[in-house]
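A quick write-up on the structure given underneath.
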Amino acid sequence: MPELPEVEVTKRGVSQVLLGHKITDVFVGEKPLRQPLSPDLQQLRGATVQKLERRGKYIIVFTDKGSMIIHLGMTGHLQIIKSSEPRVLHDHFELMLDSGMSVRYNDTRRFGLVLFIPLGVDPYSNKLLAELGPEPLDDAFTADVLLSRLKKRSCTIKQTLMNSHVVVGVGNIYASEVLFLSHINPTRLARDISLEEAQLLVKNIKEVLTASIASGGTTIRDFEGADGKPGYFVQNLKVYGHAEEPCKECGTPIEHITQGGRSTYFCPHCQPR
Ligand SMILES: [Zn+2]
């Protein structure tokens, strides 16, 4: 599943072909994604792309004829391709541009989303975006902000970090990595985290996500960068996917447990209860 770094890398990739360009044609497939694709997306024909932003794992495309909210779901990709290339199976949406290039949305499992927001409506007022927690890379995301949100939660710290109402963009892989780097056991309760630990968490969340964006995302399973090249951060994962291998810090075998149906990896020595 694409996580925040992959989405940021994708946004930067497609920005290069979209920004300042005119949308000459729009293809809207008939199969529904998480929600049906609205025929209103055709209103973007003739629009000029003005700005792209990311909020959590959503990409927002602003044009002079309305905006779009895009989510990649489990298996979605935005591909940069010549408009003349034939579409293939699972291509559900396409913006054709005056440059002869296209941005195509391909999604095998169709859990993604492409929403049209009419001109004059702020996409950030959409329920999907309005209820999101703070952006982890914003300066406003501090230990105090995180701690105040953790104090209200009776769930484990691992599951709480993955809750997008607490902070956006800390997916399953990053939650394990950040907790390892912070020497915090994933089964501890969120409300028991101290200010010092929250400081470590904030520092490590920012570092891990920044490093991953710099290296192009994690590329576990389906993800490819917008330019089709895989990311390389996966090689730097310290605990995720390393069950029973020696901890890189102390040599103790890494343990694997399941929390809320998701895999968690940790070192029982470096991250004591
Ligand atoms: Zn260890």
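Going by the structure tokens order, chains are called A, B, ..., each with residues numbered from 1, while ligands are numbered from 1 in the order shown.
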
Quick one: which chain A residues come within 8 Å of ligand 1, and what is the nearest atom pair for each with the distance in Å to one decimal, counting only C-alpha atoms and all ligand atoms, rows ordered by chain and ascending number, as CSV?
residue,atom,partner,partner_atom_place_in_ligand_line,distance
A:Pro246,CA,ligand 1,1 (Zn),7.8
A:Cys247,CA,ligand 1,1 (Zn),4.6
A:Lys248,CA,ligand 1,1 (Zn),6.6
A:Glu249,CA,ligand 1,1 (Zn),5.0
A:Cys250,CA,ligand 1,1 (Zn),4.2
A:Gly251,CA,ligand 1,1 (Zn),6.0
A:Thr252,CA,ligand 1,1 (Zn),5.4
A:Pro253,CA,ligand 1,1 (Zn),7.7
A:Ile254,CA,ligand 1,1 (Zn),7.5
A:Cys267,CA,ligand 1,1 (Zn),4.7
A:Pro268,CA,ligand 1,1 (Zn),6.7
A:His269,CA,ligand 1,1 (Zn),5.0
A:Cys270,CA,ligand 1,1 (Zn),4.1
A:Gln271,CA,ligand 1,1 (Zn),7.2

Would you list the contacts of Gln199 (chain A) as a PDB file with C-alpha atoms, in the first residue's frame, taking every protein, DNA or RNA residue within 10 Å and counting only C-alpha atoms, but skipping same-chain residues closer than 6 positions in sequence?
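Final output, saved to selection.pdb:
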ATOM      1  CA  THR A 142       5.640  18.927  17.955  1.00  0.00           C
ATOM      2  CA  ALA A 143       6.024  16.579  20.932  1.00  0.00           C
ATOM      3  CA  ASP A 144       3.418  18.589  22.860  1.00  0.00           C
ATOM      4  CA  LEU A 146       1.524  14.502  19.753  1.00  0.00           C
ATOM      5  CA  LEU A 147       1.444  13.948  23.511  1.00  0.00           C
ATOM      6  CA  SER A 182      12.577   5.423  19.697  1.00  0.00           C
ATOM      7  CA  ILE A 205       8.743  10.174  12.495  1.00  0.00           C
TER       8      ILE A 205
END

Practice task
Would you please give, as a PyMOL selection string, all residues of region 44-211 of chain A that DSSP assigns to strand (DSSP E or B) based on the backbone?
Solution key: chain A and resi 48-55+58-64+66-71+76-82+91-97+101-107+113-117+156+189

Considering only C-alpha atoms, give me a table of residues in region 60-98 of chain A that are at most 8 Å from region 114-129 of chain A, with the closest atom pair and distance in Å for each, as a Markdown table.
| residue | atom | partner | partner_atom | distance |
| --- | --- | --- | --- | --- |
| A:Ile60 | CA | A:Pro123 | CA | 7.6 |
| A:Asp64 | CA | A:Leu119 | CA | 7.4 |
| A:Lys65 | CA | A:Leu119 | CA | 5.7 |
| A:Gly66 | CA | A:Leu119 | CA | 3.9 |
| A:Ser67 | CA | A:Ile117 | CA | 5.0 |
| A:Met68 | CA | A:Phe116 | CA | 4.7 |
| A:Ile69 | CA | A:Leu115 | CA | 5.1 |
| A:Ile70 | CA | A:Val114 | CA | 4.6 |
| A:His71 | CA | A:Val114 | CA | 6.6 |

Exercise for the section: Using DSSP on the backbone, list every residue of region 20-233 of chain A that comes out as alpha helix (DSSP H), and give them as a ChimeraX atom specification. Expected result: /A:127-130,143-150,157-161,172-181,195-214

Practice task
Extract, using only C-alpha atoms, all DNA, RNA and protein residues at most 7 Å from Met101 (chain A), discarding same-chain residues fewer than 6 positions from it, and format them as number ranges by chain.
Solution key: A: 81-83

Once you have the residues from the selection above, write them out as a PDB file, in the first residue's frame, restricted to N, CA and C atoms.
ATOM      1  N   ILE A  81       2.803   8.930 -18.998  1.00  0.00           N
ATOM      2  CA  ILE A  81       2.917   8.121 -20.222  1.00  0.00           C
ATOM      3  C   ILE A  81       2.506   8.973 -21.417  1.00  0.00           C
ATOM      4  N   LYS A  82       3.005   8.662 -22.601  1.00  0.00           N
ATOM      5  CA  LYS A  82       2.556   9.351 -23.817  1.00  0.00           C
ATOM      6  C   LYS A  82       1.078   9.051 -24.035  1.00  0.00           C
ATOM      7  N   SER A  83       0.311  10.088 -24.388  1.00  0.00           N
ATOM      8  CA  SER A  83      -1.132   9.906 -24.589  1.00  0.00           C
ATOM      9  C   SER A  83      -1.417   8.897 -25.701  1.00  0.00           C
TER      10      SER A  83
END

Exercise for the section: Mind giving me the straight-line distance from CA of Lys57 (chain A) to CA of Leu37 (chain A) in Å, one decimal? Expected result: 18.7 Å

Practice task
One decimal, Å: what's the distance from CA of Gln259 (chain A) over to CA of Gln35 (chain A), could you say?
Solution key: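 If I compute the distance from CA of Gln259 (chain A) to CA of Gln35 (chain A), I get 28.4 Å.
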
Exercise for the section: Name the closest residue to Leu181 (chain A) among the candidates A:His21, A:Lys238, A:Pro134, A:Gly216; distances are taken between atoms, counting only C-alpha atoms. Expected result: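 Of all the options, A:Lys238 lies closest to Leu181 (chain A).
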
Problem - Spatial neighbours of region 11-13 of chain A, max dist 12 Å, only C-alpha atoms, sep filter under 5 positions, as an MDAnalysis selection string - result: chainID A and resid 4:6 18:19 51:61 69:72 77:81 103 213:214 216:217 224:229

If you keep N, CA and C atoms, can you produce a file of those selected residues as a compact mmCIF listing (two decimals), in the first residue's frame?
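Ended up saving to selection26.txt:
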# COMPACT_ATOMS: atom_id res chain seq x y z
N LEU A 4 2.68 7.63 2.98
CA LEU A 4 2.90 9.07 2.74
C LEU A 4 4.11 9.36 1.85
N PRO A 5 5.27 8.74 2.10
CA PRO A 5 6.42 9.07 1.24
C PRO A 5 6.18 8.73 -0.23
N GLU A 6 5.54 7.60 -0.49
CA GLU A 6 5.25 7.22 -1.88
C GLU A 6 4.31 8.25 -2.52
N LEU A 18 2.19 18.04 -15.05
CA LEU A 18 0.88 18.67 -14.95
C LEU A 18 0.94 20.19 -14.82
N LEU A 19 1.87 20.69 -14.00
CA LEU A 19 1.86 22.12 -13.64
C LEU A 19 1.96 23.03 -14.85
N LYS A 51 -1.80 24.02 -9.46
CA LYS A 51 -1.10 23.72 -8.20
C LYS A 51 -1.39 22.27 -7.81
N LEU A 52 -0.41 21.58 -7.23
CA LEU A 52 -0.64 20.27 -6.62
C LEU A 52 -0.21 20.33 -5.16
N GLU A 53 -1.01 19.74 -4.29
CA GLU A 53 -0.65 19.67 -2.88
C GLU A 53 -0.90 18.25 -2.39
N ARG A 54 -0.30 17.92 -1.24
CA ARG A 54 -0.55 16.64 -0.61
C ARG A 54 -1.03 16.87 0.80
N ARG A 55 -2.04 16.13 1.22
CA ARG A 55 -2.49 16.19 2.62
C ARG A 55 -2.69 14.74 3.03
N GLY A 56 -1.88 14.27 4.01
CA GLY A 56 -1.92 12.85 4.34
C GLY A 56 -1.57 12.05 3.09
N LYS A 57 -2.41 11.10 2.74
CA LYS A 57 -2.15 10.30 1.55
C LYS A 57 -3.03 10.72 0.37
N TYR A 58 -3.56 11.93 0.45
CA TYR A 58 -4.37 12.46 -0.65
C TYR A 58 -3.55 13.45 -1.46
N ILE A 59 -3.70 13.38 -2.79
CA ILE A 59 -3.11 14.38 -3.68
C ILE A 59 -4.24 15.29 -4.15
N ILE A 60 -4.03 16.59 -4.07
CA ILE A 60 -5.05 17.55 -4.48
C ILE A 60 -4.51 18.30 -5.69
N VAL A 61 -5.25 18.25 -6.78
CA VAL A 61 -4.87 18.92 -8.03
C VAL A 61 -5.80 20.11 -8.23
N ILE A 69 -9.46 15.45 -5.87
CA ILE A 69 -8.82 14.77 -4.73
C ILE A 69 -8.55 13.34 -5.19
N ILE A 70 -7.28 12.93 -5.11
CA ILE A 70 -6.90 11.59 -5.56
C ILE A 70 -6.30 10.80 -4.39
N HIS A 71 -6.74 9.55 -4.22
CA HIS A 71 -6.15 8.65 -3.24
C HIS A 71 -5.80 7.36 -3.96
N LEU A 72 -4.63 6.81 -3.66
CA LEU A 72 -4.15 5.65 -4.41
C LEU A 72 -4.65 4.32 -3.85
N HIS A 77 -1.76 3.55 -8.96
CA HIS A 77 -0.55 4.21 -9.46
C HIS A 77 -0.98 5.38 -10.33
N LEU A 78 -0.24 6.46 -10.27
CA LEU A 78 -0.36 7.50 -11.28
C LEU A 78 0.84 7.35 -12.19
N GLN A 79 0.57 7.11 -13.46
CA GLN A 79 1.64 6.83 -14.40
C GLN A 79 1.78 8.00 -15.37
N ILE A 80 3.01 8.39 -15.64
CA ILE A 80 3.27 9.40 -16.67
C ILE A 80 3.58 8.66 -17.96
N ILE A 81 2.80 8.93 -19.00
CA ILE A 81 2.92 8.12 -20.22
C ILE A 81 2.51 8.97 -21.42
N VAL A 103 -1.35 11.69 -17.67
CA VAL A 103 -1.24 11.09 -16.34
C VAL A 103 -2.39 10.09 -16.24
N ILE A 213 11.14 9.75 1.65
CA ILE A 213 10.79 10.59 0.50
C ILE A 213 12.04 10.82 -0.36
N ALA A 214 13.17 11.08 0.30
CA ALA A 214 14.41 11.35 -0.43
C ALA A 214 14.84 10.15 -1.26
N GLY A 216 12.69 7.87 -2.48
CA GLY A 216 11.67 7.47 -3.44
C GLY A 216 10.60 6.54 -2.92
N GLY A 217 10.44 6.46 -1.60
CA GLY A 217 9.38 5.59 -1.06
C GLY A 217 9.90 4.20 -0.75
N GLU A 224 5.39 1.81 -7.29
CA GLU A 224 6.51 2.32 -8.06
C GLU A 224 6.44 3.83 -8.02
N GLY A 225 7.57 4.50 -8.08
CA GLY A 225 7.57 5.96 -8.16
C GLY A 225 6.86 6.39 -9.44
N ALA A 226 6.49 7.66 -9.52
CA ALA A 226 5.74 8.14 -10.68
C ALA A 226 6.55 7.96 -11.96
N ASP A 227 7.87 7.89 -11.84
CA ASP A 227 8.69 7.69 -13.04
C ASP A 227 8.92 6.20 -13.31
N GLY A 228 8.25 5.33 -12.54
CA GLY A 228 8.36 3.89 -12.76
C GLY A 228 9.55 3.25 -12.07
N LYS A 229 10.43 4.07 -11.48
CA LYS A 229 11.59 3.48 -10.79
C LYS A 229 11.21 3.11 -9.37

Exercise for the section: Go through A:Thr210, A:Ser176, A:His183, A:Lys31 and flag the residue nearest His256 (chain A), using only C-alpha atoms for the distances. Expected result: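 Selected residue with least distance to His256 (chain A): A:Ser176.
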
Handout entry: Residue with smallest distance to Pro136 (chain A) - pool A:Glu207, A:Glu30, A:Glu244, A:Asp98, counting only C-alpha atoms
Key =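 Of A:Glu207, A:Glu30, A:Glu244, A:Asp98, the one nearest Pro136 (chain A), counting only C-alpha atoms, is A:Glu207.
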
Problem - Residue nearest Lys152 (chain A) among A:Ala190, A:Leu179, A:Ser99, A:Tyr174 (counting only C-alpha atoms) - result: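 With only C-alpha atoms as the atom set, the closest residue is A:Ala190.
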
Handout entry: Spatial neighbours of Thr264 (chain A), max dist 8 Å, only C-alpha atoms, sep filter under 6 positions, as a PyMOL selection string
Key = chain A and resi 172+176+186+240+256-258

Would you put the residues from that selection into a file with C-alpha atoms, as a compact mmCIF listing (two decimals), in the first residue's frame?
# COMPACT_ATOMS: atom_id res chain seq x y z
CA ASN A 172 2.29 0.13 9.20
CA SER A 176 7.39 -0.35 13.45
CA PRO A 186 4.75 -1.38 20.37
CA TYR A 240 10.03 -4.38 9.40
CA HIS A 256 6.88 -10.50 14.90
CA ILE A 257 3.41 -10.01 16.39
CA THR A 258 0.02 -9.04 15.01

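Between Ile184 (chain A) and the residues A:Lys22, A:Arg110, A:Arg262, A:Arg273, the shortest atom-to-atom distance, using only C-alpha atoms, involves A:Arg273.
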
Problem - Atomic separation - CA of Ile157 (chain A) relative to CA of Gly260 (chain A), Å - result: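 Calculated distance between CA of Gly260 (chain A) and CA of Ile157 (chain A) is 11.8 Å.
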